[in-house]
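The block underneath contains the structure these notes are about, expressed in structure tokens.
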Amino acid sequence: MRDKVTAARRWVIKIGSALLTGDGRGLDRQAMAVWVQQMAALRESGVDVVLVSSGAVAAGMTRLGWSERPKSIHQLQAAAAVGQMDLVQAWESSFEEFGLTTAQVLVTHDDLSDRKRYLNARSTLRGLLDLGVIPVINENDTVVTDEIRFGDNDTLGALVTNLVEADLLVILTDRDGLYTADPRSNPEAELISQAMADDPTLDAMAGGSAGALGRGGMQTKLRASRLAARSGASTIIVGGRIKQVVARLKAGEQLGTLLLPEKGMLAARKQWLAGHLQTRGRLVLDEGAVRALEGGCSSLLPVGVKAVEGNFRRGEMVVCAGLDGREVARGLVNYGAQEAMRIIGRSSEEIVSVLGYVDEPELVHRDNLVLV
Ligand SMILES: Nc1ncnc2c1ncn2[C@@H]1O[C@H](COP(=O)(O)OP(=O)(O)O)[C@@H](O)[C@H]1O
Ligand SMILES: N[C@@H](CCC(=O)OP(=O)(O)O)C(=O)O
């Protein structure tokens with residue numbers, strides 16, 4: 001039994017190109033329907049599901065009648081733009097059969113490294129999950145060039161895992177998991193059932209991609225598991241063609257390779273936040289707000305803030321201090337300084353009438369807050 005898996009409440013499931021396109025024969029709609037049925041059952045059991053789907057380039061190549069993956073970035077982008085249509089249509093109609101709504105989310109590296117856009121993407125995805133919608137995520141290949149590409153969706157899957165604070169990243173691929181060597185070239189290779197993600201001995205085992213369609217091979221999957229571990233998530237690398245793979249994982253069966261984080265979710269997140277040494281401003285809190293924060297598990301609401309200092313933007317790190325100047329906490333702020341000044345002292349319901357819109361009811365969400 002794998003407790004980390006059976007107890008996970010939010011899964012990011014990443015499906016690679018080789019699997020999705022039946023090794024280059026266009027989208028394998030039958031296989032997609034089988035995964036959808038399993039993801040629908042997962043949702044039904046109360047688990048949030050986020051899908052990271054590759055396959056745009058591969059599907060586009062088939063549509064355009066190309067048999068070889070193009071080298072030029074423009075051609076890749078053209079293929080991705082054509083194939084993405086196919087991809088979302090296929091997912092959408094398949095999920096629809098189970099009464100589930102999907103949303104297309106295309107992101108770039110820049111979107112997740114810019115603080116403000118990071119928060120925006122995070123709120124959108126959380127909003128979608130609250131609505132019971134299944135986000136279908138891919139890289140926005142149209143607007144990226146080589147230097148700023150994720151390039152492989154394993155990395156994207158891990159960053160999305162961090163973004164939505166998922167407990168589990170499931171990477172479905174064309175092998176049954178991570179082997180002690182690339183099984184294509186070494187038939188003696190053995191499947192690794194479980195390891196710590198940061199175990200350095202794994203590096204020598206994970207090779208690049210031997211397939212014509214996949215990008216990163218096991219190297220990027222291993223790297224992805226380490227990125228996912230940063231927010232305390234576990235990763236499973238597993239064969240997408242294994243019968244009822246998702247359902248069996250959910251039931252605790254030991255399939256594929258489970259890569260575990262060193263730290264739990266909360267500890268990992270707090271450490272990540274604590275690493276943001278540079279603060280951009282200061283919020284001065286009334287006594288009630290100080291008490292609420294020090295009690296743990298409370299967000300900082302605008303009503304408890306007396307003054308705003310500094311010129312910070314949404315998503316930047318600010319100091320939260322008491323009226324006596326004592327630093328209480330640090331956190332990522334949901335509103336820029338100009339907006340914050342207008343909403344402090346007011347109830348969260350008033351934000352919309354003051355600003356004309358509302359990003360979040362909290363000034364700093366408790367997940368983005370670390371006590372000092
Ligand atoms: N140690 C290993 N264990 C399993 N597969 C490996 C290993 N090293 C390299 N590989 C290769 O990684 C491939 C899967 O990665 P990739 O082709 O990028 O697929 P995807 O499209 O699913 O991301 C396998 O087909 C295999 O050839
Ligand atoms: N954005 C690209 C995905 C990149 C890629 O090939 O990823 P993967 O197959 O997961 O190694 C696409 O949709 O074709």
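Labels used: A, B, ... for chains in the order of the structure tokens, numbers from 1 for residues in each chain, and numbers from 1 for ligands as shown.
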What do you get as a PyMOL selection string if you pick all residues at most 8 Å from ligand 1, counting only C-alpha atoms and all ligand atoms? chain A and resi 15-19+54+152-154+171-185+189+191+205-221
Could you write out the selected residues, including C-alpha atoms, as a JSON list (two decimals), in the first residue's frame?
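Below is the file again-v5.json, written as the result:
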[["chain", "number", "residue", "atom", "x", "y", "z"],
["A", 15, "ILE", "CA", 0.76, 12.28, -20.60],
["A", 16, "GLY", "CA", 3.65, 12.23, -23.09],
["A", 17, "SER", "CA", 3.60, 12.51, -26.89],
["A", 18, "ALA", "CA", 4.69, 8.96, -27.62],
["A", 19, "LEU", "CA", 1.77, 7.56, -25.66],
["A", 54, "SER", "CA", 1.75, 16.81, -24.71],
["A", 152, "ASP", "CA", 9.52, 18.92, -22.44],
["A", 153, "ASN", "CA", 6.27, 18.66, -20.60],
["A", 154, "ASP", "CA", 7.78, 16.76, -17.68],
["A", 171, "ILE", "CA", 3.91, 10.93, -15.37],
["A", 172, "LEU", "CA", 2.39, 8.48, -17.81],
["A", 173, "THR", "CA", 4.91, 7.26, -20.34],
["A", 174, "ASP", "CA", 5.67, 4.40, -22.74],
["A", 175, "ARG", "CA", 7.80, 2.40, -20.24],
["A", 176, "ASP", "CA", 6.53, 0.82, -17.03],
["A", 177, "GLY", "CA", 8.62, 3.19, -14.95],
["A", 178, "LEU", "CA", 12.22, 4.11, -14.25],
["A", 179, "TYR", "CA", 14.57, 1.18, -14.84],
["A", 180, "THR", "CA", 18.12, 0.71, -13.65],
["A", 181, "ALA", "CA", 19.12, 1.42, -17.28],
["A", 182, "ASP", "CA", 17.29, 2.28, -20.52],
["A", 183, "PRO", "CA", 15.36, -0.94, -21.23],
["A", 184, "ARG", "CA", 15.54, -0.29, -24.97],
["A", 185, "SER", "CA", 19.26, -0.84, -24.96],
["A", 189, "ALA", "CA", 17.40, -3.53, -16.65],
["A", 191, "LEU", "CA", 12.22, -1.59, -12.60],
["A", 205, "MET", "CA", 20.30, 5.21, -14.57],
["A", 206, "ALA", "CA", 18.03, 7.70, -16.29],
["A", 207, "GLY", "CA", 18.81, 8.15, -19.96],
["A", 208, "GLY", "CA", 17.51, 10.54, -22.61],
["A", 209, "SER", "CA", 14.67, 9.78, -24.99],
["A", 210, "ALA", "CA", 15.16, 7.01, -27.49],
["A", 211, "GLY", "CA", 11.77, 7.62, -29.11],
["A", 212, "ALA", "CA", 11.08, 9.68, -32.23],
["A", 213, "LEU", "CA", 8.43, 11.77, -30.50],
["A", 214, "GLY", "CA", 9.24, 12.11, -26.82],
["A", 215, "ARG", "CA", 11.64, 14.82, -25.79],
["A", 216, "GLY", "CA", 13.37, 14.34, -22.52],
["A", 217, "GLY", "CA", 13.40, 10.63, -21.72],
["A", 218, "MET", "CA", 13.85, 9.65, -18.08],
["A", 219, "GLN", "CA", 16.31, 12.44, -17.36],
["A", 220, "THR", "CA", 13.65, 15.12, -17.53],
["A", 221, "LYS", "CA", 11.22, 12.92, -15.59]]
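Residues with any atom within 6 Å of stretch 315-323 of chain A, counting only C-alpha atoms and excluding same-chain neighbours fewer than 3 positions away, are Arg115, Lys116, Thr279, Arg280, Gly281, Arg282, Leu283, Val284, Leu285, Arg326, Glu327, Val328, Ala329, Arg330, Gly331, Leu332, Val333 and Asn334 of chain A.
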Write down as a VMD selection string the residues of stretch 109-239 of chain A whose backbone DSSP state falls under helix (DSSP H, G or I). chain A and resid 109 to 113 115 to 130 141 to 143 146 to 148 153 to 163 200 to 202 217 to 229
- [ ] Please provide the set of residues having any atom within 10 Å of A:Leu64, restricted to only C-alpha atoms, with same-chain residues fewer than 6 positions apart removed, written as a PyMOL selection string.
- [x] chain A and resi 78-79+82-83
Just the residues within 7 Å of stretch 300-302 of chain A, please, counting only C-alpha atoms, with nothing from its chain fewer than 4 positions along; format it as a ChimeraX atom specification.
/A:289,343-348,362-365
Residues as selected, C-alpha atoms, written as an mmCIF file, in the first residue's frame, can you do that?
data_model
loop_
_atom_site.group_PDB
_atom_site.id
_atom_site.type_symbol
_atom_site.label_atom_id
_atom_site.label_comp_id
_atom_site.auth_asym_id
_atom_site.auth_seq_id
_atom_site.Cartn_x
_atom_site.Cartn_y
_atom_site.Cartn_z
ATOM 1 C CA ALA A 289 -4.367 40.835 12.695
ATOM 2 C CA ILE A 343 -8.412 48.526 0.311
ATOM 3 C CA ILE A 344 -6.767 48.439 3.743
ATOM 4 C CA GLY A 345 -9.126 48.819 6.671
ATOM 5 C CA ARG A 346 -11.984 47.521 4.550
ATOM 6 C CA SER A 347 -13.785 44.218 4.489
ATOM 7 C CA SER A 348 -12.967 41.833 1.664
ATOM 8 C CA GLU A 362 -6.999 38.117 1.183
ATOM 9 C CA LEU A 363 -4.133 40.579 1.036
ATOM 10 C CA VAL A 364 -1.765 37.688 1.726
ATOM 11 C CA HIS A 365 -3.041 34.122 1.554
#
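For stretch 257-270 of chain A, the residues within 6 Å (counting only C-alpha atoms, excluding itself and residues fewer than 2 positions away along the chain) are A:Gly177, A:Leu178, A:Ile192, A:Ser193, A:Gln194, A:Ala195, A:Met196, A:Ala197, A:Ala229, A:Arg230, A:Ser231, A:Gly232, A:Ser234, A:Thr235, A:Ile236, A:Ile237, A:Trp272, A:Leu273, A:Ala274.
Here the residues within stretch 41-228 of chain A that DSSP labels strand (DSSP E) on the basis of the backbone are Asp48, Val49, Val50, Leu51, Val52, Ser53, Thr102, Ala103, Gln104, Val105, Leu106, Val107, Ile134, Pro135, Val136, Ile137, Asn138, Glu139, Leu168, Leu169, Val170, Ile171, Leu172, Thr173, Gln194, Ala195 and Met196 of chain A.
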Restricting to only C-alpha atoms, whichever of A:Ile134, A:Val170, A:Ala56, A:Leu293 is closest to A:Leu255 is A:Val170
Which residues, written as a CSV table (one decimal) with C-alpha atoms, in the first residue's frame, have at least one atom at most 9 Å from A:Leu249, with only C-alpha atoms counted and residues fewer than 6 positions away on the same chain left out?
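Written out: part-v4.csv:
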chain,number,residue,atom,x,y,z
A,2,ARG,CA,1.3,3.4,-0.9
A,5,VAL,CA,-0.6,8.0,-3.3
A,6,THR,CA,-3.9,6.8,-1.8
A,255,LEU,CA,3.0,0.2,-10.1
One decimal place gives the atom CA of A:Asn311-atom CA of A:Ser299 separation as 21.4 Å
Surrounding residues of A:Val144 excluding itself and chain neighbours under 2 positions, 10 Å, only C-alpha atoms, as a PyMOL selection string:
chain A and resi 73+77+107-110+139-142+146-151
Let me see the file: selected residues, C-alpha atoms, as a short mmCIF file (atom, residue, chain, number, x, y, z; two decimals), in the first residue's frame.
data_model
loop_
_atom_site.label_atom_id
_atom_site.label_comp_id
_atom_site.auth_asym_id
_atom_site.auth_seq_id
_atom_site.Cartn_x
_atom_site.Cartn_y
_atom_site.Cartn_z
CA ILE A 73 11.33 26.22 -34.62
CA GLN A 77 5.32 26.01 -33.82
CA VAL A 107 1.56 28.56 -20.47
CA THR A 108 5.16 29.52 -21.10
CA HIS A 109 8.22 29.49 -18.93
CA ASP A 110 7.93 33.26 -18.52
CA GLU A 139 3.13 24.77 -23.34
CA ASN A 140 2.12 27.76 -25.44
CA ASP A 141 4.37 26.74 -28.31
CA THR A 142 3.23 29.60 -30.58
CA ASP A 146 14.17 27.88 -28.00
CA GLU A 147 15.71 29.81 -25.11
CA ILE A 148 12.51 30.14 -23.15
CA ARG A 149 10.88 26.82 -23.94
CA PHE A 150 10.21 24.24 -21.28
CA GLY A 151 10.82 21.96 -24.22
#
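Take atom CA of A:Asp114 and atom CA of A:Leu159: the distance between them is 12.9 Å.
Residue nearest ligand 2, chosen from A:Arg43, A:Asn138, A:Tyr118, A:Glu92 and counting only C-alpha atoms and all ligand atoms: A:Asn138.
Nearest to ligand 2 of all the residues A:Ala41, A:Met1, A:Val34, A:Ala224 is A:Ala224, counting only C-alpha atoms and all ligand atoms.
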Of A:Thr155, A:Thr124, A:Gln75, A:Thr62, the one sitting nearest ligand 2 when using only C-alpha atoms and all ligand atoms is A:Thr155
